[in-house]
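Everything on this sheet refers to the single structure shown next.
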There are 6 protein chains.
Amino acid sequence: MFVVRHTYPLKAVNYIRMHGDATHSQGAQGHDVINRIRDFGIVPESEYPGLKINEPLHNHGEMEAALHGMLTGVLARKGKRLTPRWLDAYQAVLDVYLGEIPESFVFQGNTYTPLAFAKDYLQINGHDYIEITSFSHQPFYEPFRLEIPDNWDYNSNYYNVPLDELEQIADYALNNGYSFCWDADVSERDFNQGSDKNDYGTGIAIVPLPDYEYLTKAEKKKKMTAIVKEKEIDQEYRQHMFNNFATTDDHLMHAVGLAKDQQGNKFYYIKNSWGTDSVYKGYNYISRSYFRLKTIVVIINTQALPPQIRQKLSL
Amino acid sequence: MFVVRHTYPLKAVNYIRMHGDATHSQGAQGHDVINRIRDFGIVPESEYPGLKINEPLHNHGEMEAALHGMLTGVLARKGKRLTPRWLDAYQAVLDVYLGEIPESFVFQGNTYTPLAFAKDYLQINGHDYIEITSFSHQPFYEPFRLEIPDNWDYNSNYYNVPLDELEQIADYALNNGYSFCWDADVSERDFNQGSDKNDYGTGIAIVPLPDYEYLTKAEKKKKMTAIVKEKEIDQEYRQHMFNNFATTDDHLMHAVGLAKDQQGNKFYYIKNSWGTDSVYKGYNYISRSYFRLKTIVVIINTQALPPQIRQKLSL
Amino acid sequence: MFVVRHTYPLKAVNYIRMHGDATHSQGAQGHDVINRIRDFGIVPESEYPGLKINEPLHNHGEMEAALHGMLTGVLARKGKRLTPRWLDAYQAVLDVYLGEIPESFVFQGNTYTPLAFAKDYLQINGHDYIEITSFSHQPFYEPFRLEIPDNWDYNSNYYNVPLDELEQIADYALNNGYSFCWDADVSERDFNQGSDKNDYGTGIAIVPLPDYEYLTKAEKKKKMTAIVKEKEIDQEYRQHMFNNFATTDDHLMHAVGLAKDQQGNKFYYIKNSWGTDSVYKGYNYISRSYFRLKTIVVIINTQALPPQIRQKLSL
Amino acid sequence: MFVVRHTYPLKAVNYIRMHGDATHSQGAQGHDVINRIRDFGIVPESEYPGLKINEPLHNHGEMEAALHGMLTGVLARKGKRLTPRWLDAYQAVLDVYLGEIPESFVFQGNTYTPLAFAKDYLQINGHDYIEITSFSHQPFYEPFRLEIPDNWDYNSNYYNVPLDELEQIADYALNNGYSFCWDADVSERDFNQGSDKNDYGTGIAIVPLPDYEYLTKAEKKKKMTAIVKEKEIDQEYRQHMFNNFATTDDHLMHAVGLAKDQQGNKFYYIKNSWGTDSVYKGYNYISRSYFRLKTIVVIINTQALPPQIRQKLSL
Amino acid sequence: MFVVRHTYPLKAVNYIRMHGDATHSQGAQGHDVINRIRDFGIVPESEYPGLKINEPLHNHGEMEAALHGMLTGVLARKGKRLTPRWLDAYQAVLDVYLGEIPESFVFQGNTYTPLAFAKDYLQINGHDYIEITSFSHQPFYEPFRLEIPDNWDYNSNYYNVPLDELEQIADYALNNGYSFCWDADVSERDFNQGSDKNDYGTGIAIVPLPDYEYLTKAEKKKKMTAIVKEKEIDQEYRQHMFNNFATTDDHLMHAVGLAKDQQGNKFYYIKNSWGTDSVYKGYNYISRSYFRLKTIVVIINTQALPPQIRQKLSL
Amino acid sequence: MFVVRHTYPLKAVNYIRMHGDATHSQGAQGHDVINRIRDFGIVPESEYPGLKINEPLHNHGEMEAALHGMLTGVLARKGKRLTPRWLDAYQAVLDVYLGEIPESFVFQGNTYTPLAFAKDYLQINGHDYIEITSFSHQPFYEPFRLEIPDNWDYNSNYYNVPLDELEQIADYALNNGYSFCWDADVSERDFNQGSDKNDYGTGIAIVPLPDYEYLTKAEKKKKMTAIVKEKEIDQEYRQHMFNNFATTDDHLMHAVGLAKDQQGNKFYYIKNSWGTDSVYKGYNYISRSYFRLKTIVVIINTQALPPQIRQKLSL
């Protein structure tokens with residue numbers, strides 16, 4: 001919530017400067033976490049829960065509606081000058097809904113500012129992390145601004161590598177004891193969370209063959225739900241599915257390990273935040289094909305990169 | 001601004017309760033002033049100017065746009081429950097734009113709360129003032145809620161008297177040393193403010209004859225701009241012009257005296273708030289016909305009423 | 001339908017006067033019935049069914065759409081004067097859909113006007129009935145205008161009493177042979193109509209514990225559907241659930257008796273208008289908690305009030 | 001007004017059948033007059049003025065707004081069945097605004113029905129009149145339905161002839177004592193009505209050269225306002241200016257004669273309905289070029305056609 | 001697709017000329033096929049599949065959205081002149097989505113233009129086919145333009161006959177070896193396609209008794225799903241159900257034969273285009289009542305008409 | 001037009017990827033010119049006028065409306081996959097309106113491709129030019145993406161320097177024989193183009209004192225139009241006027257020299273593209289204050305930078 005509290009005003013300023021031709025929604029990207037920690041630090045959740053008394057769960061719908069309504073109202077006065085107060089008002093609304101941010105707090109007996117807590121206690125340095133992706137519509141090995149609606153930040157930088165190198169980066173990191181933040185599209189039918197509500201809960205995400213993009217409904221029904229041969233994903237198909245909006249929604253997870261099934265197929269072992277009431281107690285297995293097709297971004301410590309790729313990226 | 005600051009939240013609560021089927025705009029009615037003083041007191045303008053440093057003039061457009069946008073956003077979530085925080089957020093936005101209201105202040109060496117200032121220093125008692133109007137679509141001598149867009153307050157009470165008695169009330173008050181607050185439609189062409197921008201500035205408001213409701217444009221042009229015979233206004237015509245939206249916009253002024261022109265026609269002498277750069281230095285003369293046709297409400301101390309009318313109203 | 005026919009034009013006039021910042025919908029309030037009887041009388045349904053030949057059921061959707069469309073069209077001409085004909089046209093549309101109202105009719109051998117029928121045959125006097133509710137956002141023991149979307153009438157008066165007294169009024173009336181009109185929110189899952197379409201039809205309305213406002217879905221599923229301990233409702237919780245839009249939709253029913261379950265819990269026995277094809281043949285049992293939480297208004301004969309409350313209300 | 005009263009319901013039925021994908025506005029076409037007389041007859045204006053007492057001028061804006069609003073409201077109930085009452089309601093609104101149509105009336109001592117009045121008194125037979133136009137996007141010498149927004153009638157028939165023959169028809173008729181109804185675009189700057197409000201009132205309509213479609217503003221200013229050489233209009237240019245929306249608005253006038261200016265240029269002498277307070281007392285002179293470019297339709301008695309053209313049209 | 005490709009631009013030109021007060025959607029009518037063949041010829045599907053490589057199925061949604069968006073954008077510039085390029089641009093978009101139409105092609109060893117293919121190979125002459133329907137709101141035996149949203153063509157001609165003659169035409173044609181194109185409303189619950197997804201698949205379309213227009217839900221549930229007595233359909237009921245929007249959606253099928261059930265009731269045997277995975281392998285049986293109630297149009301060769309009806313229609 | 005033709009598709013792809021939360025309008029930025037030349041080259045205007053026969057002037061309104069309408073239509077199909085054809089269709093519409101781009105052309109006897117023409121004939125290298133601006137809401141000396149609506153390119157890079165250095169850059173370049181492209185807000189009243197339509201045409205742009213941000217209208221009228229003392233512009237005021245939307249619209253001009261008035265005040269001499277019919281024949285004088293306040297961007301060859309600033313920017 002500390003990150004949320006600091007991200008909204010930046011999003012709003014950009015939205016206003018662009019006269020509404022920009023993103024102002026609840027979605028966020030990995031750099032929103034990294035850059036906020038870099039610039040504002042971080043606090044333990046207990047010190048800034050973003051909740052009022054008697055509210056066990058977050059409900060940002062009304063806050064988002066009120067904030068967006070304010071900006072819409074202000075921008076509707078076309079041709080009128082703004083006062084600097086609209087932003088103060090926006091901040092005040094955030095403080096009402098999320099509470100005011102503590103300037104400092106006591107944690108395990110020590111007093112920290114948020115910046116000091118990030119640096120001294122957690123020893124996280126926002127400058128150490130980068131976002132890596134792989135899309136052929138932009139040049140490789142150069143930073144660019146990823147054009148997806150959740151990315152409101154016009155000054156964000158993504159590093160772009162060929163798809164095979166993206167997979168190498170993930171494997172190298174996990175094999176060398178680094179986990180990473182995995183931002184991926186999980187809205188597909190074949191991302192099976194394995195929750196107890198689903199009789200066919202597998203907890204596994206795959207890209208099954210035959211390619212069913214143009215199958216009839218009847219043919220789709222006959223597709224096996226057991227372990228199936230998967231589609232091999234190359235750069236072109238990945239780009240095609242991004243261009244046609246098949247890959248859209250995204251969600252942040254934590255990739256923590258590698259695994260193999262009985263046939264030796266590689267899977268990524270990831271920790272999800274959707275509760276532990278599922279087949280693998282809140283974890284999922286992501287097939288290599290799914291990883292190659294549906295990864296939006298990998299947020300990773302520059303230390304965890306294979307040396308030759310790090311060199312190509314001048315990091 | 002103290003009154004404005006206290007009126008907006010009431011307006012907003014009503015707007016939310018009615019799910020937007022109500023008024024939320026900058027306009028107000030006389031009881032907004034009276035009832036706020038009654039419930040919250042008042043402060044000198046110097047103690048609550050509603051302005052930030054370096055801003056010489058009030059500009060409520062952006063504030064209104066932000067506030068209305070918030071409510072629109074919140075109500076658009078149809079079927080969702082509200083949190084109590086939307087109102088806190090609304091209040092916070094008001095505090096950003098107008099400043100926080102002082103709990104107490106020093107004035108001429110004494111410390112007052114707003115309520116104490118109204119009672120002890122100004123000796124105004126909100127309970128002493130009533131709103132009087134004259135419309136035949138509601139019963140006379142009973143309080144009712146006037147159905148005009150600016151009147152957001154579903155629990156306001158207007159006293160309704162026949163038109164001749166409305167005129168008697170005004171005359172009796174002015175003849176006995178009471179001024180009153182005059183709320184009237186001033187958007188008519190024949191309310192001539194007398195400003196220096198108008199070559200034909202007369203500073204006078206009239207209802208000229210011939211009745212030009214159905215005149216052609218050419219005939220209207222020929223109508224004299226000098227002193228003209230005016231239309232005699234009765235209850236029925238007044239009601240007709242209210243029903244057909246000819247009488248709509250309204251504005252609060254201060255009626256301070258009576259006058260007669262060279263032919264003995266009665267005029268009301270009123271103080272306007274549109275600056276003093278005009279024929280009568282910020283004052284205007286309102287003809288009897290204009291008063292009878294275009295008065296929305298007279299806000300007046302109950303002490304200033306003619307005894308027999310006061311009795312009819314059980315005051 | 002006689003009441004509907006007389007209420008629509010009043011609603012329309014108010015909607016037009018407020019330039020659309022008001023309610024114009026099918027919903028109504030108890031005073032709509034009471035006040036129409038007071039001012040226009042009433043006729044037997046057979047004398048004014050509001051139906052044309054061959055139409056067994058009422059369908060007001062198209063009529064409402066046509067009427068509302070007319071008003072929207074007329075108001076969209078911003079700044080234009082209205083003719084008095086819009087209301088004649090509105091009345092004409094009502095006559096087409098509902099038929100013309102009889103000036104007089106023969107019933108059981110006697111000829112009545114609607115007013116005479118109400119007075120002489122039914123001996124109903126609209127002045128004898130009042131609306132009572134209980135909300136803490138307005139002062140108790142004073143009439144006020146209830147701010148809910150269905151209440152289009154700016155001049156309606158509700159009497160406001162503390163919640164315990166509202167319950168006393170209901171009990172006193174039923175114990176002394178008076179029934180009353182019960183206006184309540186019946187859109188809740190726990191208002192179980194007991195229709196044959198519902199396998200778990202109980203015909204009972206309750207407010208079950210544990211308080212499930214913040215329960216997860218899984219927890220809600222586990223909640224018992226049998227007789228359960230109910231939440232005790234106080235004024236504050238009632239107000240909270242009104243403020244947050246949990247209590248919104250309303251429906252008029254007829255409270256005719258009191259009952260107790262095997263554990264001695266009090267229930268109100270009410271007659272509903274949704275057909276008799278249900279567990280209790282068109283009747284329902286309303287728990288004390290449900291009554292305290294979800295009652296919008298009780299419309300009751302002033303004779304049926306407990307004397308001490310009647311005194312407090314100056315009735 | 002008799003024609004207006006009978007045309008609106010036909011327009012409305014078509015609009016409803018097309019689910020709103022059609023025209024419902026105040027505009028009309030010549031066949032609306034002809035076909036209404038054919039099917040319903042006609043009455044003198046004194047017998048059906050379409051006005052209520054005390055209203056000297058027609059104001060159809062509010063009526064149109066109310067009628068259109070009704071249809072919009074009814075159609076917004078997508079997927080719902082209509083009752084037959086919507087049309088009764090529509091007719092009732094027309095009766096309120098325009099009055100009920102007399103079934104018969106006394107005129108100059110005789111009693112007529114509208115149909116009898118058209119046939120016996122006026123000796124007009126709707127079957128005798130046709131609409132002629134000239135557009136190359138449809139085949140010549142065949143009836144077609146002209147695609148302009150004012151033409152709501154899907155079953156109207158226009159006869160299409162080459163432009164030169166259109167001019168021959170007009171000239172032949174006027175030379176042989178027949179006048180005709182001229183429907184043309186009069187919204188152009190060079191249709192100069194000659195009203196007293198215009199210092200340069202000429203009362204003449206022309207198509208001046210040089211062709212100013214692509215002139216700069218400065219060049220346009222320099223164009224002479226005196227008698228100027230006009231552009232020669234051929235079929236292609238006429239069609240071009242119809243296709244590009246330069247020719248759009250239309251107005252019905254009465255062509256009554258031919259004239260020549262001092263240079264021998266042919267002009268049509270037409271009677272307009274915009275009052276007689278103009279250079280030629282309510283008449284205008286229309287140049288040959290203007291006639292060829294801006295004529296939408298000529299409504300004419302089949303008797304007035306040149307025999308060889310009448311033959312081509314099989315009339 | 002050849003027909004689609006040639007129909008869209010005509011639809012667009014009409015939509016633009018009517019300033020959007022017209023139909024521009026995917027729906028079409030039988031004359032769209034007939035008239036396009038008449039004016040542009042036809043090609044085998046293999047020569048103009050309207051598909052790009054790798055796309056097995058048609059998806060016109062995006063194309064329609066892009067085309068409609070273009071027109072909406074162009075028309076939104078109210079009062080501006082159009083360039084002729086909007087139509088070129090529209091055609092270019094069609095060429096992108098559907099491919100360019102071949103000027104000529106080789107089929108079975110011969111080279112054809114589309115017009116030559118229709119005339120010489122298929123020997124179809126668009127002039128030989130007419131559309132017949134039966135609606136009492138227009139005069140019988142005269143051509144008219146059917147007022148349904150799918151009929152965008154203001155110059156289409158439908159022949160109108162009494163309902164009994166419509167049935168005679170269908171029977172005479174099928175009995176004499178002519179099939180016809182059947183355009184009907186198939187959105188009714190009682191048009192049972194007989195697909196494998198429906199356990200109660202009958203493949204039959206009926207109009208069951210009792211007339212259930214005003215039945216309650218419970219009564220409807222009790223209605224038999226087996227062979228039932230059907231409602232007898234007359235002209236008035238057919239018209240009533242067309243007027244009230246019960247008959248709306250339409251679909252083109254191919255009527256190829258007549259059949260009788262065990263009770264001797266007549267059924268039409270029609271070929272549908274919804275795949276062959278159904279009870280009657282893609283065919284359906286249509287009861288006489290259904291045919292009489294739900295037929296929008298019969299498109300038929302003039303040779304197939306009973307002589308006496310052909311005479312009445314002057315064909 | 002060559003640049004326009006290549007920029008639109010890039011703008012469209014970005015707009016689609018951002019699901020419409022981005023800019024798609026006619027406006028552009030300096031890097032649009034630079035980057036298009038870098039990637040696509042350039043052609044002489046004669047080789048790609050972007051006009052069809054008989055059209056003397058560009059009119060991009062209809063094209064923009066058609067293109068934007070297409071994208072709006074495509075995006076409105078929420079949740080649907082895109083085909084790759086939408087972009088082909090978009091390109092086809094551009095080709096219809098602007099013509100197809102020549103792959104090569106003959107100029108002064110030599111054949112060039114657009115890229116070869118830029119490199120060999122004009123010797124422009126897009127990599128040599130950068131955009132420089134000065135805003136304090138972003139860090140200085142780092143590239144960033146300027147947040148103004150006209151800047152649709154999420155991957156554009158602006159170099160940010162303190163305001164004094166921006167002025168140094170401009171002066172150094174002009175003093176050393178380099179001109180630059182000046183992108184500035186020219187919508188202010190005090191940017192006086194000096195056209196012949198303006199009696200007070202001065203051809204000069206200034207920021208007059210007294211600061212009139214909060215003056216009354218009367219006071220503004222009294223402000224001199226002759227040479228006046230100007231407001232001194234610092235970084236904070238420049239940022240304030242950018243934040244409050246006072247600085248918004250922008251226009252590209254060509255800065256070609258320096259000048260001084262009789263009091264020694266520095267002016268920039270710039271070439272405008274609005275025609276030569278003005279006081280200084282199409283040129284204007286821009287005061288130092290105006291330059292400091294209203295410059296959006298300076299687009300300049302890196303060779304023209306003062307060495308020490310070039311070093312700070314690592315160029």
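Letters for chains follow the order of the structure tokens (A, B, ...), residue numbers begin at 1 for each chain, and ligand numbers begin at 1 in the order shown.
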
If we count only C-alpha atoms, what is near Gln26 in chain D at a cut-off of 12 Å, once residues fewer than 3 positions away on the same chain are taken out, given as a list in words?
->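 Counting only C-alpha atoms, the residues come to Val4, Arg5, Thr7, Tyr8, Lys11, Ala12, Thr23, Gln29, Asp32, Asn59, His60, Gly61, Glu62, Met63, Glu64, Ala65, Leu67, His68, Pro149, Asp150, Asn151, Trp152, Asp250 and His251 of chain D.
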
Could you produce a table of the residues of chain D lying within 7 Å of chain E, with the nearest pair of atoms per residue and their separation in Å rounded to one decimal, using only C-alpha atoms, ordered by chain and increasing residue number, as a tab-separated table?
```
residue	atom	partner	partner_atom	distance
D:Asn14	CA	E:Glu147	CA	6.8
D:Arg17	CA	E:Glu147	CA	5.9
D:Met18	CA	E:Pro149	CA	4.7
D:His19	CA	E:Pro149	CA	6.6
D:Asp21	CA	E:Ala22	CA	4.6
D:Ala22	CA	E:Asp21	CA	4.6
D:Thr23	CA	E:Asp21	CA	5.5
D:Arg81	CA	E:Asn244	CA	5.1
D:Leu82	CA	E:Asn244	CA	4.4
D:Thr83	CA	E:Asn244	CA	6.2
D:Phe144	CA	E:Asn155	CA	6.0
D:Arg145	CA	E:Asn155	CA	5.8
D:Glu147	CA	E:Arg17	CA	5.9
D:Ile148	CA	E:Met18	CA	5.2
D:Pro149	CA	E:Met18	CA	4.7
D:Tyr154	CA	E:Tyr154	CA	5.9
D:Asn155	CA	E:Arg145	CA	5.8
D:Asn244	CA	E:Leu82	CA	4.4
D:Phe245	CA	E:Arg81	CA	5.4
D:Ala246	CA	E:Arg81	CA	6.1
```

Find the spatial neighbours of range 299-310 of chain D, counting only C-alpha atoms, within a cut-off of 6 Å - ignore same-chain residues fewer than 3 positions away - and output them as number ranges by chain.
-> D: 128-131, 169, 173, 180-181, 313, 315

Could the residues in this selection be saved with N, CA and C atoms as a PDB file, in the first residue's frame?
```pdb
ATOM      1  N   ASP D 128     -52.603  13.456 -59.666  1.00  0.00           N
ATOM      2  CA  ASP D 128     -52.192  14.221 -60.841  1.00  0.00           C
ATOM      3  C   ASP D 128     -50.777  14.790 -60.716  1.00  0.00           C
ATOM      4  N   TYR D 129     -50.227  14.771 -59.528  1.00  0.00           N
ATOM      5  CA  TYR D 129     -48.957  15.459 -59.313  1.00  0.00           C
ATOM      6  C   TYR D 129     -47.810  14.456 -59.143  1.00  0.00           C
ATOM      7  N   ILE D 130     -46.673  14.817 -59.687  1.00  0.00           N
ATOM      8  CA  ILE D 130     -45.492  13.975 -59.507  1.00  0.00           C
ATOM      9  C   ILE D 130     -44.304  14.835 -59.091  1.00  0.00           C
ATOM     10  N   GLU D 131     -43.281  14.164 -58.582  1.00  0.00           N
ATOM     11  CA  GLU D 131     -42.041  14.844 -58.221  1.00  0.00           C
ATOM     12  C   GLU D 131     -40.987  14.501 -59.260  1.00  0.00           C
ATOM     13  N   ILE D 169     -38.785  21.174 -68.546  1.00  0.00           N
ATOM     14  CA  ILE D 169     -40.063  20.971 -67.856  1.00  0.00           C
ATOM     15  C   ILE D 169     -40.511  22.252 -67.161  1.00  0.00           C
ATOM     16  N   ALA D 173     -43.811  24.466 -68.454  1.00  0.00           N
ATOM     17  CA  ALA D 173     -44.940  24.650 -67.540  1.00  0.00           C
ATOM     18  C   ALA D 173     -45.259  26.132 -67.386  1.00  0.00           C
ATOM     19  N   PHE D 180     -45.528  25.707 -60.504  1.00  0.00           N
ATOM     20  CA  PHE D 180     -45.152  24.440 -59.867  1.00  0.00           C
ATOM     21  C   PHE D 180     -44.527  24.724 -58.505  1.00  0.00           C
ATOM     22  N   CYS D 181     -44.437  23.688 -57.728  1.00  0.00           N
ATOM     23  CA  CYS D 181     -43.817  23.793 -56.402  1.00  0.00           C
ATOM     24  C   CYS D 181     -42.335  23.513 -56.558  1.00  0.00           C
ATOM     25  N   LEU D 313     -41.533   9.133 -69.552  1.00  0.00           N
ATOM     26  CA  LEU D 313     -41.787   8.738 -68.161  1.00  0.00           C
ATOM     27  C   LEU D 313     -42.998   7.817 -68.048  1.00  0.00           C
ATOM     28  N   LEU D 315     -46.113   8.459 -68.413  1.00  0.00           N
ATOM     29  CA  LEU D 315     -47.170   9.075 -67.585  1.00  0.00           C
ATOM     30  C   LEU D 315     -48.345   9.497 -68.453  1.00  0.00           C
TER      31      LEU D 315
END
```

If you measure from CA of Tyr269 in chain E to CA of Gln193 in chain E, what distance in Å do you get, rounded to one decimal?
->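 For CA of Tyr269 in chain E relative to CA of Gln193 in chain E, the distance reads 12.6 Å.
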
Contacts of Ile124 in chain E at 10 Å or less, counting only C-alpha atoms, minus same-chain residues fewer than 5 places along, as a list in words?
->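 Neighbouring residues, sequence-local ones excluded: Ile34, Ile37, Arg38, Gly41, Ile42, Leu115, Phe117, Ala118, Lys119, Tyr129 and Asn301 of chain E.
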
Would you please give, as number ranges by chain, all residues of range 140-312 of chain C that DSSP assigns to strand (DSSP E or B) based on the backbone?
-> C: 143-144, 158-160, 180-184, 191, 195, 204-205, 208, 230, 251-260, 266-271, 278, 283-287, 295-301

Could you write out that same residue set with C-alpha atoms as a PDB file, in the first residue's frame?
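For reference, out_0.pdb as written:
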```pdb
ATOM      1  CA  PRO C 143     -41.387  15.828  10.168  1.00  0.00           C
ATOM      2  CA  PHE C 144     -38.820  15.661   7.374  1.00  0.00           C
ATOM      3  CA  TYR C 158     -42.172  11.677   7.453  1.00  0.00           C
ATOM      4  CA  TYR C 159     -42.289  11.447  11.216  1.00  0.00           C
ATOM      5  CA  ASN C 160     -39.003  10.350  12.673  1.00  0.00           C
ATOM      6  CA  PHE C 180     -50.431  -1.046   8.807  1.00  0.00           C
ATOM      7  CA  CYS C 181     -48.702  -0.624   5.495  1.00  0.00           C
ATOM      8  CA  TRP C 182     -45.104  -1.829   5.699  1.00  0.00           C
ATOM      9  CA  ASP C 183     -42.613  -0.343   3.261  1.00  0.00           C
ATOM     10  CA  ALA C 184     -39.351  -2.264   3.369  1.00  0.00           C
ATOM     11  CA  PHE C 191     -35.816 -12.134   2.468  1.00  0.00           C
ATOM     12  CA  SER C 195     -41.918 -19.359  -3.876  1.00  0.00           C
ATOM     13  CA  ILE C 204     -39.145 -16.059   6.256  1.00  0.00           C
ATOM     14  CA  ALA C 205     -36.997 -12.920   6.340  1.00  0.00           C
ATOM     15  CA  PRO C 208     -28.498 -14.080  10.258  1.00  0.00           C
ATOM     16  CA  GLU C 230     -29.822 -13.244  14.300  1.00  0.00           C
ATOM     17  CA  HIS C 251     -41.720  -2.570  -1.636  1.00  0.00           C
ATOM     18  CA  LEU C 252     -45.107  -1.995   0.026  1.00  0.00           C
ATOM     19  CA  MET C 253     -46.700  -4.837   2.019  1.00  0.00           C
ATOM     20  CA  HIS C 254     -49.489  -5.178   4.543  1.00  0.00           C
ATOM     21  CA  ALA C 255     -48.557  -6.063   8.140  1.00  0.00           C
ATOM     22  CA  VAL C 256     -51.464  -7.926   9.694  1.00  0.00           C
ATOM     23  CA  GLY C 257     -50.268  -9.792  12.772  1.00  0.00           C
ATOM     24  CA  LEU C 258     -47.591 -10.921  15.212  1.00  0.00           C
ATOM     25  CA  ALA C 259     -46.211 -14.439  15.692  1.00  0.00           C
ATOM     26  CA  LYS C 260     -43.556 -16.281  17.690  1.00  0.00           C
ATOM     27  CA  LYS C 266     -41.081 -12.365  17.574  1.00  0.00           C
ATOM     28  CA  PHE C 267     -42.078 -12.261  13.885  1.00  0.00           C
ATOM     29  CA  TYR C 268     -44.311  -9.942  11.936  1.00  0.00           C
ATOM     30  CA  TYR C 269     -46.909 -11.638   9.773  1.00  0.00           C
ATOM     31  CA  ILE C 270     -47.287  -9.745   6.510  1.00  0.00           C
ATOM     32  CA  LYS C 271     -49.369 -10.103   3.400  1.00  0.00           C
ATOM     33  CA  SER C 278     -45.696 -19.914  -2.011  1.00  0.00           C
ATOM     34  CA  TYR C 283     -47.882 -14.352   3.432  1.00  0.00           C
ATOM     35  CA  ASN C 284     -44.409 -14.047   4.985  1.00  0.00           C
ATOM     36  CA  TYR C 285     -42.880 -13.984   8.456  1.00  0.00           C
ATOM     37  CA  ILE C 286     -40.493 -11.120   9.137  1.00  0.00           C
ATOM     38  CA  SER C 287     -38.117 -11.398  12.066  1.00  0.00           C
ATOM     39  CA  THR C 295     -38.171  -1.032   7.385  1.00  0.00           C
ATOM     40  CA  ILE C 296     -38.200   2.090   5.259  1.00  0.00           C
ATOM     41  CA  VAL C 297     -41.531   3.426   6.441  1.00  0.00           C
ATOM     42  CA  VAL C 298     -44.615   2.395   8.394  1.00  0.00           C
ATOM     43  CA  ILE C 299     -47.797   4.030   7.084  1.00  0.00           C
ATOM     44  CA  ILE C 300     -50.326   3.982   9.867  1.00  0.00           C
ATOM     45  CA  ASN C 301     -53.530   5.517  11.145  1.00  0.00           C
TER      46      ASN C 301
END
```

What are the DSSP alpha helix (DSSP H) residues of range 116-269 of chain A, as a PyMOL selection string?
-> chain A and resi 116+163-175+217-222+235-243

Do you know which residues are at most 7 Å from Ser289 in chain E counting only C-alpha atoms, after dropping those on the same chain fewer than 3 positions away, and could you put them as JSON, numbers by chain?
-> {"E": [206, 207, 230, 231, 232, 233, 292, 293]}

Restricted to N, CA and C atoms, what would the selected residues look like written as a tab-separated table (two decimals), in the first residue's frame?
```tsv
chain	number	residue	atom	x	y	z
E	206	ILE	N	-42.50	-24.83	-35.02
E	206	ILE	CA	-43.96	-24.82	-34.88
E	206	ILE	C	-44.45	-23.55	-34.19
E	207	VAL	N	-45.78	-23.38	-34.14
E	207	VAL	CA	-46.42	-22.31	-33.38
E	207	VAL	C	-47.45	-22.96	-32.47
E	230	GLU	N	-51.40	-26.66	-33.22
E	230	GLU	CA	-50.80	-25.35	-33.49
E	230	GLU	C	-51.87	-24.28	-33.68
E	231	LYS	N	-51.44	-23.08	-33.45
E	231	LYS	CA	-52.31	-21.92	-33.66
E	231	LYS	C	-52.52	-21.74	-35.16
E	232	GLU	N	-53.75	-21.43	-35.53
E	232	GLU	CA	-54.05	-21.08	-36.92
E	232	GLU	C	-53.68	-19.62	-37.14
E	233	ILE	N	-52.88	-19.36	-38.15
E	233	ILE	CA	-52.37	-17.98	-38.34
E	233	ILE	C	-53.15	-17.29	-39.45
E	292	ARG	N	-46.52	-19.38	-42.14
E	292	ARG	CA	-47.44	-18.26	-42.29
E	292	ARG	C	-47.13	-17.11	-41.33
E	293	LEU	N	-46.66	-17.45	-40.14
E	293	LEU	CA	-46.39	-16.41	-39.14
E	293	LEU	C	-45.04	-15.74	-39.35
```
